[in-house]
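Okay, structure first, notes after.
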Amino acid sequence: MEKEERNNQPKQSQVIEKQEFKGRSLEDVLSLAEHVLKVPRDQFNYEIVTEKTKLFGLKNKEIVIRAWLKTEDESGAVEVFLRNLMKVFPLELTYQVKKRDQMIYVVFDGEDRKLLLKNDGALLLAIQHVLNKISSQKVQADCEFFRRRKEKQLKEYALQVAQKVKETGQEEVLDFMNPYERRIIHIAVNQIPGLTTESLGEGFLKKVRVFSVANDSQTKQVNKD
């Protein structure tokens, strides 16, 4: 899965220190982060940097997270940015910002909301990407339940591709996707025994490779050469 860098702008110019932790499961990694940071997990934010199965099967699964302590006002940078954006943005939009668990949710509405959803939600996802760059906490943007519909479509697509890979034994490389789309594919496929995924390429848009773990040793060697 992809790496994401986020910058926070709290009231005081405070540098947020982020640390990476590795383990064989999310629970193991969070427990390690609690021990090192010396705080319970509800007092720090985290994001999954990568989640993959190593060469020799499911027993060698590795997950890496990046964790950092929470600040007093997690949604402040997001709300300031949106207020300033709406002053110059050429669309008539309204929004609500909500905090729940370790997420900030931004729900858009307004006269021009349909334009956010054109081209498969390109503008909505672009705004979400920017918000995640300025926020220390993960941000999800939504409009007219776009995320629910999109996630359902992507999960169904991921299962179709996974079934094809299991039947043929041949890997599949999907078209370019943004981080949000890739994450859904990764999660859906990695729940299926014997299959895993990896992102290919650099930058915002990457392809996703879906392949069989059992038949991956030869492919891995070819990729190294």
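Ordering of the structure tokens sets the chain letters (A, B, ...); residue numbers start at 1 within each chain; ligands are numbered from 1 in the order shown.
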> So which residues touch A:Glu167 within 12 Å, counting only C-alpha atoms, skipping near sequence neighbours fewer than 6 positions away, as an MDAnalysis selection string?
Replying inline: chainID A and resid 160:161 194:195 211:212
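With distances taken over only C-alpha atoms, A:Gln137 is the one residue among A:Gln137, A:Ala77, A:Val165, A:Asp42 lying closest to A:Lys18.
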> Expressed in Å to a single decimal, how great is the separation between atom CA of A:Asn178 and atom CA of A:Arg41?
Replying inline: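 Calculated distance between atom CA of A:Asn178 and atom CA of A:Arg41 is 28.3 Å.
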>> Ranking A:Ser135, A:Thr197, A:Asn119, A:Gln163 by minimum distance to A:Val80 and counting only C-alpha atoms, which one comes first?
In response: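 Checking each candidate against A:Val80, we get A:Ser135 as the closest.
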> Using only C-alpha atoms, which of the listed residues (A:Tyr180, A:Phe145, A:Tyr157, A:Phe81) sits closest to A:Leu131?
Replying inline: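 Ranked by minimum distance to A:Leu131, first place goes to A:Phe81.
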